[in-house]
$ cat input_20.txt   # compact mmCIF, C-alpha atoms and all ligand atoms
# COMPACT_ATOMS: atom_id res chain seq x y z
CA MET A 1488 -11.06 -28.02 -4.09
CA SER A 1489 -8.26 -25.47 -4.15
CA TYR A 1490 -8.39 -21.78 -4.91
CA GLN A 1491 -7.50 -21.13 -8.56
CA LYS A 1492 -6.99 -17.61 -9.87
CA PRO A 1493 -9.65 -17.01 -12.52
CA GLY A 1494 -7.21 -15.42 -15.02
CA LEU A 1495 -9.15 -12.20 -15.60
CA LEU A 1496 -8.25 -10.09 -18.62
CA SER A 1497 -7.24 -6.43 -18.30
CA LYS A 1498 -9.67 -3.90 -19.73
CA HIS A 1499 -8.23 -0.49 -18.90
CA TYR A 1500 -4.52 -0.91 -18.16
CA ASP A 1501 -3.07 -0.29 -21.64
CA GLU A 1502 -5.01 2.93 -22.13
CA LEU A 1503 -3.89 4.30 -18.77
CA PHE A 1504 -0.28 3.21 -19.25
CA ASN A 1505 -0.14 4.86 -22.69
CA SER A 1506 -1.44 8.13 -21.23
CA LEU A 1507 1.32 8.44 -18.61
CA PRO A 1508 4.32 10.77 -19.06
CA SER A 1509 7.97 9.76 -19.08
CA LEU A 1510 9.35 9.22 -15.55
CA GLU A 1511 12.98 9.55 -16.61
CA THR A 1512 13.87 12.15 -13.97
CA LYS A 1513 12.11 10.34 -11.13
CA THR A 1514 13.24 8.05 -8.33
CA ILE A 1515 10.28 5.91 -7.28
CA ALA A 1516 10.28 3.59 -4.26
CA ILE A 1517 7.54 0.94 -3.95
CA THR A 1518 6.96 -1.54 -1.14
CA GLY A 1519 5.83 -5.08 -1.93
CA THR A 1520 6.78 -5.60 -5.57
CA THR A 1521 7.16 -9.38 -5.59
CA SER A 1522 3.62 -9.84 -6.96
CA GLY A 1523 0.28 -8.12 -7.48
CA THR A 1524 -0.23 -4.41 -7.90
CA GLY A 1525 3.28 -3.57 -6.66
CA PHE A 1526 4.86 -5.73 -9.35
CA VAL A 1527 2.70 -4.10 -12.05
CA ALA A 1528 3.53 -0.60 -10.79
CA ALA A 1529 7.27 -1.35 -10.61
CA ASN A 1530 7.24 -2.72 -14.14
CA ALA A 1531 5.33 0.31 -15.47
CA CYS A 1532 7.69 2.75 -13.72
CA GLY A 1533 10.71 0.88 -15.10
CA LYS A 1534 9.30 1.03 -18.63
CA LEU A 1535 8.61 4.76 -18.24
CA GLY A 1536 12.28 5.35 -17.40
CA ALA A 1537 12.27 5.84 -13.61
CA LYS A 1538 14.92 4.68 -11.20
CA VAL A 1539 12.80 2.14 -9.33
CA ILE A 1540 13.53 1.06 -5.76
CA LEU A 1541 11.95 -2.27 -4.82
CA LEU A 1542 11.40 -2.48 -1.07
CA ASN A 1543 10.85 -6.15 -0.25
CA ARG A 1544 11.60 -8.59 2.53
CA PRO A 1545 14.40 -10.92 1.44
CA SER A 1546 13.05 -14.19 -0.03
CA GLU A 1547 13.04 -16.39 -3.11
CA ARG A 1548 9.94 -14.41 -4.18
CA SER A 1549 11.84 -11.14 -4.03
CA LYS A 1550 14.74 -12.60 -6.05
CA LYS A 1551 12.31 -13.94 -8.65
CA GLY A 1552 10.36 -10.66 -8.69
CA LEU A 1553 13.53 -8.76 -9.50
CA SER A 1554 14.61 -11.18 -12.23
CA ASP A 1555 11.11 -11.13 -13.77
CA LEU A 1556 11.12 -7.33 -13.84
CA ILE A 1557 14.55 -7.29 -15.49
CA ALA A 1558 13.36 -9.89 -18.03
CA MET A 1559 10.25 -7.84 -18.86
CA THR A 1560 12.09 -4.50 -19.03
CA PRO A 1561 15.77 -5.20 -19.70
CA ASN A 1562 16.70 -1.51 -19.87
CA GLY A 1563 14.84 -0.74 -16.61
CA ASN A 1564 16.72 0.70 -13.63
CA PHE A 1565 15.63 -1.63 -10.79
CA ASN A 1566 17.26 -1.57 -7.35
CA GLN A 1567 16.29 -4.06 -4.65
CA VAL A 1568 16.45 -2.91 -1.01
CA ASP A 1569 15.69 -5.32 1.84
CA CYS A 1570 12.77 -4.07 3.92
CA ASP A 1571 10.70 -6.37 6.12
CA LEU A 1572 7.63 -4.44 7.19
CA GLN A 1573 7.08 -6.83 10.10
CA ASP A 1574 10.25 -5.50 11.67
CA PHE A 1575 10.96 -1.83 12.56
CA GLU A 1576 14.71 -2.49 12.66
CA SER A 1577 14.61 -3.72 9.05
CA VAL A 1578 12.65 -0.59 8.03
CA ARG A 1579 15.29 1.60 9.71
CA LEU A 1580 18.09 -0.19 7.84
CA ALA A 1581 16.18 0.19 4.57
CA ALA A 1582 15.78 3.92 5.21
CA SER A 1583 19.53 4.37 5.73
CA GLU A 1584 20.25 2.41 2.56
CA LEU A 1585 17.84 4.69 0.69
CA GLU A 1586 19.72 7.69 2.01
CA SER A 1587 22.97 6.38 0.55
CA ILE A 1588 21.63 5.12 -2.81
CA CYS A 1589 19.30 8.08 -3.48
CA PRO A 1590 21.42 11.23 -3.07
CA GLU A 1591 19.08 12.81 -5.64
CA GLY A 1592 16.11 12.44 -3.25
CA ILE A 1593 12.97 10.31 -3.64
CA ASP A 1594 10.17 11.60 -5.87
CA VAL A 1595 7.60 8.96 -4.91
CA ILE A 1596 7.15 6.53 -2.06
CA CYS A 1597 4.32 4.13 -2.81
CA ASN A 1598 3.29 2.28 0.36
CA ASN A 1599 1.76 -0.66 -1.48
CA ALA A 1600 2.69 -3.83 0.44
CA GLY A 1601 0.02 -5.53 2.47
CA VAL A 1602 -1.29 -8.71 4.02
CA MET A 1603 -4.93 -9.63 4.63
CA ALA A 1604 -6.89 -11.48 7.31
CA LEU A 1605 -3.89 -13.26 8.81
CA GLU A 1606 -3.90 -15.01 12.18
CA ASP A 1607 -3.83 -13.00 15.39
CA ILE A 1608 -0.08 -12.99 15.88
CA PRO A 1609 2.36 -10.35 17.11
CA THR A 1610 5.39 -9.15 15.21
CA LYS A 1611 8.73 -9.18 16.99
CA ASP A 1612 7.96 -5.55 17.89
CA GLY A 1613 4.74 -6.69 19.58
CA PHE A 1614 2.16 -5.21 17.20
CA ASP A 1615 -0.55 -6.92 15.16
CA VAL A 1616 1.10 -8.48 12.12
CA GLN A 1617 -1.43 -6.85 9.79
CA MET A 1618 -1.27 -3.37 11.34
CA GLN A 1619 2.52 -3.30 11.44
CA THR A 1620 2.90 -4.55 7.86
CA ASN A 1621 0.13 -2.49 6.32
CA HIS A 1622 0.41 0.78 8.23
CA LEU A 1623 2.87 1.20 11.13
CA SER A 1624 6.02 0.28 9.19
CA HIS A 1625 4.93 2.50 6.31
CA PHE A 1626 4.41 5.34 8.81
CA LEU A 1627 7.96 4.79 10.10
CA LEU A 1628 9.39 4.56 6.58
CA VAL A 1629 7.76 7.83 5.48
CA LYS A 1630 8.97 9.52 8.66
CA LEU A 1631 12.56 8.38 8.09
CA ILE A 1632 12.76 9.24 4.39
CA PHE A 1633 10.81 12.50 4.63
CA PRO A 1634 13.99 14.59 4.09
CA LEU A 1635 14.59 12.69 0.82
CA LEU A 1636 11.04 13.47 -0.33
CA GLN A 1637 11.55 17.13 0.54
CA LYS A 1638 14.83 17.13 -1.37
CA ALA A 1639 13.16 15.78 -4.52
CA ALA A 1640 10.32 18.29 -4.14
CA ASP A 1641 12.82 21.15 -3.82
CA LEU A 1642 14.88 19.99 -6.78
CA ARG A 1643 12.12 18.88 -9.14
CA GLY A 1644 8.94 20.66 -8.04
CA GLU A 1645 7.02 17.94 -6.20
CA ALA A 1646 7.17 14.59 -4.42
CA ARG A 1647 4.38 12.14 -3.64
CA ILE A 1648 3.48 9.87 -0.73
CA ILE A 1649 0.98 7.21 -1.77
CA ASN A 1650 -0.91 4.82 0.46
CA HIS A 1651 -2.84 1.76 -0.71
CA SER A 1652 -6.17 1.32 1.00
CA SER A 1653 -9.20 -0.82 0.18
CA ILE A 1654 -12.96 -1.03 0.08
CA ALA A 1655 -12.38 -2.75 3.44
CA ARG A 1656 -11.75 0.68 5.05
CA LYS A 1657 -15.55 0.97 5.27
CA GLN A 1658 -16.21 -2.38 6.93
CA PRO A 1659 -18.07 -2.62 9.19
CA LYS A 1660 -18.04 0.45 11.46
CA LYS A 1661 -15.82 3.06 9.82
CA VAL A 1662 -14.31 3.95 13.21
CA LEU A 1663 -10.58 3.66 13.90
CA GLU A 1664 -9.89 2.08 17.30
CA ALA A 1665 -6.77 2.74 19.37
CA LYS A 1666 -6.20 -0.87 20.44
CA TYR A 1667 -5.34 -2.01 16.93
CA LEU A 1668 -2.43 0.45 16.85
CA GLU A 1669 -1.12 -0.59 20.26
CA LYS A 1670 1.37 -3.25 21.32
CA LYS A 1671 -1.40 -5.84 21.60
CA GLY A 1672 -0.46 -8.19 18.78
CA GLY A 1673 -1.81 -11.68 19.45
CA ASN A 1674 -4.54 -10.31 21.73
CA LEU A 1675 -6.80 -8.69 19.21
CA GLY A 1676 -9.78 -10.98 18.93
CA GLY A 1677 -8.44 -14.32 17.69
CA ASN A 1678 -8.86 -16.04 14.36
CA GLY A 1679 -12.51 -15.71 13.36
CA SER A 1680 -12.57 -15.72 9.58
CA SER A 1681 -16.06 -14.56 8.69
CA MET A 1682 -15.59 -11.68 6.25
CA PHE A 1683 -19.12 -10.31 6.56
CA PHE A 1684 -20.07 -11.25 10.13
CA GLY A 1685 -17.35 -9.78 12.29
CA GLY A 1686 -14.50 -12.32 12.00
CA ALA A 1687 -11.59 -10.86 14.00
CA ARG A 1688 -9.04 -11.44 11.22
CA TRP A 1689 -11.16 -9.18 9.01
CA LEU A 1690 -11.81 -6.58 11.69
CA ARG A 1691 -8.03 -6.21 12.03
CA TYR A 1692 -7.55 -5.96 8.25
CA ASN A 1693 -10.34 -3.38 7.96
CA GLN A 1694 -8.63 -1.26 10.61
CA THR A 1695 -5.34 -1.34 8.71
CA LYS A 1696 -6.99 -0.13 5.52
CA LEU A 1697 -8.83 2.59 7.44
CA ALA A 1698 -5.45 3.57 8.91
CA ASN A 1699 -4.00 3.87 5.37
CA ALA A 1700 -6.73 6.35 4.45
CA ALA A 1701 -6.49 8.25 7.75
CA PHE A 1702 -2.68 8.49 7.40
CA THR A 1703 -3.22 10.12 4.00
CA ALA A 1704 -5.71 12.59 5.48
CA CYS A 1705 -3.21 13.52 8.22
CA LEU A 1706 -0.34 13.95 5.76
CA HIS A 1707 -2.42 16.01 3.36
CA GLU A 1708 -3.57 18.34 6.12
CA LYS A 1709 -0.08 18.84 7.58
CA LEU A 1710 1.64 19.25 4.20
CA ASN A 1711 -1.02 21.59 2.91
CA ALA A 1712 -0.80 23.76 6.04
CA MET A 1713 2.92 24.36 5.47
CA GLY A 1714 2.55 24.91 1.71
CA SER A 1715 4.72 21.87 1.03
CA LYS A 1716 5.41 20.58 -2.46
CA VAL A 1717 5.16 17.06 -1.05
CA LYS A 1718 1.72 15.61 -1.81
CA ALA A 1719 -0.22 12.81 -0.15
CA MET A 1720 -2.74 10.60 -1.92
CA VAL A 1721 -4.39 7.24 -1.48
CA ALA A 1722 -5.57 4.59 -3.91
CA HIS A 1723 -7.63 1.42 -3.80
CA PRO A 1724 -7.53 -1.44 -6.32
CA GLY A 1725 -11.13 -2.65 -6.16
CA LEU A 1726 -11.06 -6.42 -6.08
CA ALA A 1727 -7.91 -7.46 -7.94
CA GLU A 1728 -6.62 -10.90 -8.79
CA THR A 1729 -3.25 -10.88 -7.03
CA ASP A 1730 -1.46 -13.17 -4.56
CA LEU A 1731 -3.30 -11.50 -1.67
CA GLN A 1732 -6.23 -13.93 -1.80
CA SER A 1733 -3.98 -17.00 -2.24
CA THR A 1734 -1.97 -16.02 0.85
CA THR A 1735 -5.13 -15.43 2.88
CA VAL A 1736 -6.67 -18.75 1.81
CA LYS A 1737 -3.46 -20.56 2.83
CA ASP A 1738 -3.50 -18.85 6.23
CA GLY A 1739 -7.14 -19.87 6.84
CA GLY A 1740 -8.63 -16.38 6.47
CA MET A 1741 -10.88 -17.20 3.49
CA GLY A 1742 -12.62 -20.35 2.31
CA LYS A 1743 -11.59 -21.79 -1.06
CA TRP A 1744 -15.09 -22.03 -2.50
CA ILE A 1745 -16.09 -18.48 -1.62
CA THR A 1746 -12.76 -17.13 -2.90
CA ASN A 1747 -13.23 -18.95 -6.22
CA GLN A 1748 -16.72 -17.44 -6.58
CA MET A 1749 -15.80 -13.96 -5.39
CA MET A 1750 -12.72 -13.54 -7.56
CA LYS A 1751 -14.75 -14.11 -10.74
CA THR A 1752 -16.33 -10.72 -10.01
CA GLY A 1753 -12.98 -8.92 -9.70
CA GLN A 1754 -10.45 -7.51 -12.14
CA SER A 1755 -6.91 -8.28 -13.31
CA ARG A 1756 -3.89 -7.27 -11.23
CA GLU A 1757 -2.98 -4.74 -13.96
CA ASP A 1758 -6.39 -3.04 -13.69
CA GLY A 1759 -6.04 -3.24 -9.91
CA ALA A 1760 -2.83 -1.19 -10.18
CA LEU A 1761 -4.51 1.72 -12.01
CA GLY A 1762 -5.10 3.69 -8.81
CA ILE A 1763 -1.52 3.57 -7.53
CA LEU A 1764 -0.18 4.15 -11.03
CA ARG A 1765 -2.24 7.30 -11.44
CA CYS A 1766 -1.04 8.48 -8.01
CA ILE A 1767 2.56 7.75 -8.97
CA ALA A 1768 2.63 9.24 -12.44
CA ASP A 1769 -0.49 11.17 -13.46
CA PRO A 1770 0.07 14.93 -13.26
CA LYS A 1771 -3.69 15.45 -12.85
CA VAL A 1772 -3.88 13.70 -9.47
CA LYS A 1773 -3.79 16.18 -6.58
CA SER A 1774 -2.80 15.94 -2.95
CA GLY A 1775 -5.71 14.82 -0.78
CA GLN A 1776 -7.36 12.68 -3.45
CA PHE A 1777 -8.53 9.09 -3.31
CA VAL A 1778 -8.03 7.24 -6.58
CA GLY A 1779 -9.79 4.03 -7.51
CA PRO A 1780 -12.72 2.39 -9.25
CA GLY A 1781 -15.55 4.15 -7.41
CA MET A 1782 -16.09 4.99 -3.78
CA GLY A 1783 -19.43 3.26 -3.20
CA GLY A 1784 -20.16 0.18 -1.15
CA MET A 1785 -18.58 -3.26 -1.25
CA PHE A 1786 -20.21 -4.21 -4.55
CA THR A 1787 -20.02 -0.98 -6.52
CA ALA A 1788 -16.31 -0.23 -6.32
CA MET A 1789 -14.90 -3.61 -7.30
CA LYS A 1790 -13.58 -2.84 -10.75
CA GLY A 1791 -13.16 -0.35 -13.53
CA GLU A 1792 -11.17 2.74 -14.40
CA ALA A 1793 -9.55 4.60 -11.52
CA HIS A 1794 -11.14 8.00 -10.87
CA CYS A 1795 -10.25 10.73 -8.36
CA TYR A 1796 -12.49 11.37 -5.35
CA PRO A 1797 -12.23 13.50 -2.22
CA LEU A 1798 -11.19 11.95 1.09
CA GLU A 1799 -14.11 10.83 3.26
CA GLU A 1800 -15.34 12.39 6.49
CA PHE A 1801 -15.31 9.14 8.49
CA TYR A 1802 -11.50 9.32 8.76
CA ASP A 1803 -10.80 12.86 7.56
CA ASN A 1804 -11.92 14.35 10.87
CA PRO A 1805 -9.90 15.76 13.81
CA ALA A 1806 -10.56 12.92 16.26
CA THR A 1807 -9.50 10.15 13.85
CA LYS A 1808 -6.50 12.07 12.54
CA ASN A 1809 -5.24 12.86 16.06
CA LEU A 1810 -5.70 9.24 17.13
CA LEU A 1811 -3.90 7.90 14.07
CA TRP A 1812 -0.94 10.25 14.41
CA GLU A 1813 -0.50 9.94 18.19
CA LYS A 1814 -0.81 6.16 18.25
CA SER A 1815 1.49 5.71 15.24
CA CYS A 1816 4.17 7.93 16.81
CA GLU A 1817 3.81 6.01 20.08
CA ALA A 1818 4.22 2.71 18.18
CA ILE A 1819 7.39 3.73 16.34
CA GLY A 1820 8.75 5.37 19.49
CA GLU A 1821 9.42 8.77 17.96
CA LYS A 1822 7.74 12.00 16.97
CA PHE A 1823 7.03 12.74 13.32
CA GLU A 1824 6.85 16.48 12.95
CA ILE A 1825 6.08 18.03 9.62
CA SER A 1826 6.94 21.70 9.78
N1 LIG B 1901 -5.97 -7.55 -4.36
C1 LIG B 1901 -7.04 -6.94 -3.90
O1 LIG B 1901 -8.20 -7.24 -4.25
C2 LIG B 1901 -6.87 -5.80 -2.93
C3 LIG B 1901 -8.02 -5.15 -2.49
C4 LIG B 1901 -7.89 -4.08 -1.64
C5 LIG B 1901 -6.64 -3.64 -1.24
N2 LIG B 1901 -5.53 -4.30 -1.67
C6 LIG B 1901 -4.21 -3.81 -1.22
O2 LIG B 1901 -3.30 -3.79 -2.29
C7 LIG B 1901 -1.97 -3.87 -1.77
C8 LIG B 1901 -1.15 -4.82 -2.63
O3 LIG B 1901 -1.62 -6.14 -2.46
P1 LIG B 1901 -1.81 -7.17 -3.66
O4 LIG B 1901 -3.26 -7.33 -3.84
O5 LIG B 1901 -0.96 -6.78 -4.81
O6 LIG B 1901 -1.29 -8.51 -2.96
P2 LIG B 1901 0.01 -9.43 -3.17
O7 LIG B 1901 0.09 -9.90 -4.57
O8 LIG B 1901 -0.09 -10.45 -2.09
O9 LIG B 1901 1.20 -8.43 -2.87
C9 LIG B 1901 1.51 -8.02 -1.57
C10 LIG B 1901 2.94 -7.58 -1.50
O10 LIG B 1901 3.22 -7.18 -0.15
C11 LIG B 1901 4.43 -7.79 0.22
N3 LIG B 1901 4.58 -7.99 1.66
C12 LIG B 1901 3.81 -8.71 2.50
N4 LIG B 1901 4.35 -8.72 3.73
C13 LIG B 1901 5.49 -7.99 3.68
C14 LIG B 1901 6.49 -7.63 4.62
N5 LIG B 1901 6.45 -8.04 5.89
N6 LIG B 1901 7.51 -6.86 4.20
C15 LIG B 1901 7.58 -6.43 2.92
N7 LIG B 1901 6.68 -6.75 1.98
C16 LIG B 1901 5.63 -7.51 2.35
C17 LIG B 1901 4.42 -9.13 -0.49
O11 LIG B 1901 5.74 -9.63 -0.51
P3 LIG B 1901 6.18 -11.14 -0.05
O12 LIG B 1901 6.49 -11.82 -1.33
O13 LIG B 1901 7.37 -10.90 0.81
O14 LIG B 1901 5.03 -11.74 0.68
C18 LIG B 1901 3.91 -8.70 -1.85
O15 LIG B 1901 4.96 -8.19 -2.62
C19 LIG B 1901 -2.11 -4.29 -0.31
O16 LIG B 1901 -1.89 -3.17 0.53
C20 LIG B 1901 -3.56 -4.73 -0.20
O17 LIG B 1901 -4.11 -4.52 1.10
C21 LIG B 1901 -5.62 -5.39 -2.51
$ encode --input "input_20.txt" --output "structure tokens"
Amino acid sequence: MSYQKPGLLSKHYDELFNSLPSLETKTIAITGTTSGTGFVAANACGKLGAKVILLNRPSERSKKGLSDLIAMTPNGNFNQVDCDLQDFESVRLAASELESICPEGIDVICNNAGVMALEDIPTKDGFDVQMQTNHLSHFLLVKLIFPLLQKAADLRGEARIINHSSIARKQPKKVLEAKYLEKKGGNLGGNGSSMFFGGARWLRYNQTKLANAAFTACLHEKLNAMGSKVKAMVAHPGLAETDLQSTTVKDGGMGKWITNQMMKTGQSREDGALGILRCIADPKVKSGQFVGPGMGGMFTAMKGEAHCYPLEEFYDNPATKNLLWEKSCEAIGEKFEIS
């Protein structure tokens, strides 16, 4: 038996899309647009008139993603920039390209790309492949393009930094641990694949999604303290039918049978993108909000309309925020001062 996407129908996407304002004056950068929620968000932003920057690692998938977006929105302004989140050098090159192709500044950076429950392997920089892809490279990217976000905020009134977290941020302990942010890739527990009983692949994924939420809490606090017009927000997609599960099944992180059963309880990739789309484009979303289909436990936040909630105490606390910031700066090898 193989894993087959169930082909879930969207229930809320059209209504949300139709409620969003024109994005004609905006430059919007999104990581991971070859499939899933990033593809949906890029397409929506293109249709709403934004200049859309697609930050992807070079591949046949990224070429196809770009040509599909152009086919779906022929008058869209799509710009592909190579950015491999497993590689800090690639992120640095992407940031300098953004500086030259976005003299107008960047209104939105949506840190969407992610991988889930992959093997315990290090990146070439020595970090866990999941933590570097999902959080550390996004931390570096935001640090490097921060002046472009400030420029857009000064010129057009605001800019937004958006992280993409998950229900997994709560599993199982809700405590961020330093070792997952350290140069210990390949030595972080091995390849146990039990999602509910402490499989190490999942513990590492959970930590990355907790880091996404904690990064938002740090940014919001620092930006708010200086009265910045740059805002920080975080979304989660519930359980969305994207390529994430297919990739994880192929890597051995999820069984085919369980994935087939579980995904029937999820939602379409379009409905999964509601949270990031509201963060990108909805004027009602404020800095320091968490946007998604509910904030309850594993089984109560899987699907539905994306609502705004406050950040949660288990990462929005001084100890977690200090740990996240210090360890992330140590990992990228530079300070990130917001002042
Ligand atoms: N789907 C869900 O149920 C669910 C639930 C909770 C949270 N999320 C989060 O939602 C976000 C989007 O995932 P998705 O569900 O839309 O999955 P997806 O369809 O697999 O999309 C993931 C995207 O990330 C990109 N990516 C992976 N590794 C990369 C790298 N090294 N450099 C640059 N891009 C990279 C992929 O590009 P390639 O083509 O290069 O692989 C792809 O475009 C992730 O952060 C995920 O953790 C998803």
$ residues_near_ligand --input "input_20.txt" --ligand "ligand LIG 1901 (chain B)" --cutoff "8 Å" --atoms "only C-alpha atoms and all ligand atoms" --output "JSON, numbers by chain"
{"A": [1518, 1519, 1520, 1521, 1522, 1523, 1524, 1525, 1526, 1542, 1543, 1544, 1545, 1546, 1548, 1549, 1570, 1571, 1572, 1573, 1574, 1598, 1599, 1600, 1601, 1602, 1603, 1620, 1621, 1651, 1652, 1653, 1654, 1655, 1696, 1723, 1724, 1725, 1726, 1727, 1728, 1729, 1730, 1731, 1732, 1733, 1734, 1753, 1756, 1759, 1760]}
$ write_last_selection --input "input_20.txt" --atoms "C-alpha atoms" --output "tab-separated table (two decimals), keeping the file's coordinate frame"
chain	number	residue	atom	x	y	z
A	1518	THR	CA	6.96	-1.54	-1.14
A	1519	GLY	CA	5.83	-5.08	-1.93
A	1520	THR	CA	6.78	-5.60	-5.57
A	1521	THR	CA	7.16	-9.38	-5.59
A	1522	SER	CA	3.62	-9.84	-6.96
A	1523	GLY	CA	0.28	-8.12	-7.48
A	1524	THR	CA	-0.23	-4.41	-7.90
A	1525	GLY	CA	3.28	-3.57	-6.66
A	1526	PHE	CA	4.86	-5.73	-9.35
A	1542	LEU	CA	11.40	-2.48	-1.07
A	1543	ASN	CA	10.85	-6.15	-0.25
A	1544	ARG	CA	11.60	-8.59	2.53
A	1545	PRO	CA	14.40	-10.92	1.44
A	1546	SER	CA	13.05	-14.19	-0.03
A	1548	ARG	CA	9.94	-14.41	-4.18
A	1549	SER	CA	11.84	-11.14	-4.03
A	1570	CYS	CA	12.77	-4.07	3.92
A	1571	ASP	CA	10.70	-6.37	6.12
A	1572	LEU	CA	7.63	-4.44	7.19
A	1573	GLN	CA	7.08	-6.83	10.10
A	1574	ASP	CA	10.25	-5.50	11.67
A	1598	ASN	CA	3.29	2.28	0.36
A	1599	ASN	CA	1.76	-0.66	-1.48
A	1600	ALA	CA	2.69	-3.83	0.44
A	1601	GLY	CA	0.02	-5.53	2.47
A	1602	VAL	CA	-1.29	-8.71	4.02
A	1603	MET	CA	-4.93	-9.63	4.63
A	1620	THR	CA	2.90	-4.55	7.86
A	1621	ASN	CA	0.13	-2.49	6.32
A	1651	HIS	CA	-2.84	1.76	-0.71
A	1652	SER	CA	-6.17	1.32	1.00
A	1653	SER	CA	-9.20	-0.82	0.18
A	1654	ILE	CA	-12.96	-1.03	0.08
A	1655	ALA	CA	-12.38	-2.75	3.44
A	1696	LYS	CA	-6.99	-0.13	5.52
A	1723	HIS	CA	-7.63	1.42	-3.80
A	1724	PRO	CA	-7.53	-1.44	-6.32
A	1725	GLY	CA	-11.13	-2.65	-6.16
A	1726	LEU	CA	-11.06	-6.42	-6.08
A	1727	ALA	CA	-7.91	-7.46	-7.94
A	1728	GLU	CA	-6.62	-10.90	-8.79
A	1729	THR	CA	-3.25	-10.88	-7.03
A	1730	ASP	CA	-1.46	-13.17	-4.56
A	1731	LEU	CA	-3.30	-11.50	-1.67
A	1732	GLN	CA	-6.23	-13.93	-1.80
A	1733	SER	CA	-3.98	-17.00	-2.24
A	1734	THR	CA	-1.97	-16.02	0.85
A	1753	GLY	CA	-12.98	-8.92	-9.70
A	1756	ARG	CA	-3.89	-7.27	-11.23
A	1759	GLY	CA	-6.04	-3.24	-9.91
A	1760	ALA	CA	-2.83	-1.19	-10.18
$ atom_distance --input "input_20.txt" --atom1 "CA of Lys1751 (chain A)" --atom2 "CA of Asp1501 (chain A)"
21.1 Å
$ atom_distance --input "input_20.txt" --atom1 "CA of Ala1698 (chain A)" --atom2 "CA of Glu1757 (chain A)"
24.5 Å
$ residues_around --input "input_20.txt" --residues "region 1684-1693 of chain A" --least-positions-apart "4" --cutoff "9 Å" --atoms "all atoms listed in the file" --output "count of residues only"
28
$ residues_around --input "input_20.txt" --residues "Ile1819 (chain A)" --least-positions-apart "3" --cutoff "7 Å" --atoms "only C-alpha atoms" --output "ChimeraX atom specification"
/A:1627,1815-1816
$ closest_residue --input "input_20.txt" --among "A:Val1772, A:Lys1814, A:Ser1583, A:Asp1555" --to "His1794 (chain A)" --atoms "only C-alpha atoms"
A:Val1772
$ closest_residue --input "input_20.txt" --among "A:Ile1632, A:Met1720, A:Ala1701, A:Leu1706" --to "Ala1768 (chain A)" --atoms "only C-alpha atoms"
A:Met1720
$ residues_near_point --input "input_20.txt" --point "(18.9, -6.9, 0.8)" --cutoff "7 Å" --atoms "only C-alpha atoms" --output "PyMOL selection string"
chain A and resi 1545+1567-1569
$ atom_distance --input "input_20.txt" --atom1 "CA of Ala1582 (chain A)" --atom2 "CA of Ala1529 (chain A)"
18.7 Å
$ closest_residue --input "input_20.txt" --among "A:Arg1647, A:Lys1630, A:Lys1671, A:Lys1737" --to "Arg1765 (chain A)" --atoms "all atoms listed in the file"
A:Arg1647
$ closest_residue --input "input_20.txt" --among "A:Leu1503, A:Met1559, A:Val1717, A:Leu1628" --to "Asp1594 (chain A)" --atoms "only C-alpha atoms"
A:Val1717
$ residues_near_point --input "input_20.txt" --point "(-12.8, -20.7, -3.5)" --cutoff "6 Å" --atoms "all atoms listed in the file" --output "list in words"
Tyr1490, Gly1742, Lys1743, Trp1744, Ile1745, Thr1746, Asn1747 and Gln1748 of chain A
$ closest_residue --input "input_20.txt" --among "A:Tyr1802, A:Phe1823, A:Phe1633, A:Phe1565" --to "Ile1596 (chain A)" --atoms "all atoms listed in the file"
A:Phe1633
$ closest_residue --input "input_20.txt" --among "A:Ile1767, A:Met1741, A:Val1527, A:Leu1663" --to "Ala1806 (chain A)" --atoms "only C-alpha atoms"
A:Leu1663
$ residues_around --input "input_20.txt" --residues "region 1636-1643 of chain A" --least-positions-apart "5" --cutoff "8 Å" --atoms "only C-alpha atoms" --output "PyMOL selection string"
chain A and resi 1591-1595+1716-1717
$ decode --input "input_20.txt" --residues "region 1543-1555 of chain A" --atoms "C-alpha atoms" --output "PDB file, in the first residue's frame"
ATOM      1  CA  ASN A1543      13.379  28.018  -3.089  1.00  0.00           C
ATOM      2  CA  ARG A1544      16.304  25.650  -3.342  1.00  0.00           C
ATOM      3  CA  PRO A1545      17.139  25.070  -7.011  1.00  0.00           C
ATOM      4  CA  SER A1546      15.453  21.913  -8.374  1.00  0.00           C
ATOM      5  CA  GLU A1547      13.077  20.610 -11.017  1.00  0.00           C
ATOM      6  CA  ARG A1548      10.318  21.186  -8.433  1.00  0.00           C
ATOM      7  CA  SER A1549      11.203  24.859  -8.139  1.00  0.00           C
ATOM      8  CA  LYS A1550      11.244  25.262 -11.940  1.00  0.00           C
ATOM      9  CA  LYS A1551       7.865  23.547 -12.201  1.00  0.00           C
ATOM     10  CA  GLY A1552       6.481  25.558  -9.274  1.00  0.00           C
ATOM     11  CA  LEU A1553       7.383  28.785 -11.033  1.00  0.00           C
ATOM     12  CA  SER A1554       5.918  27.697 -14.366  1.00  0.00           C
ATOM     13  CA  ASP A1555       2.713  26.507 -12.664  1.00  0.00           C
TER      14      ASP A1555
END
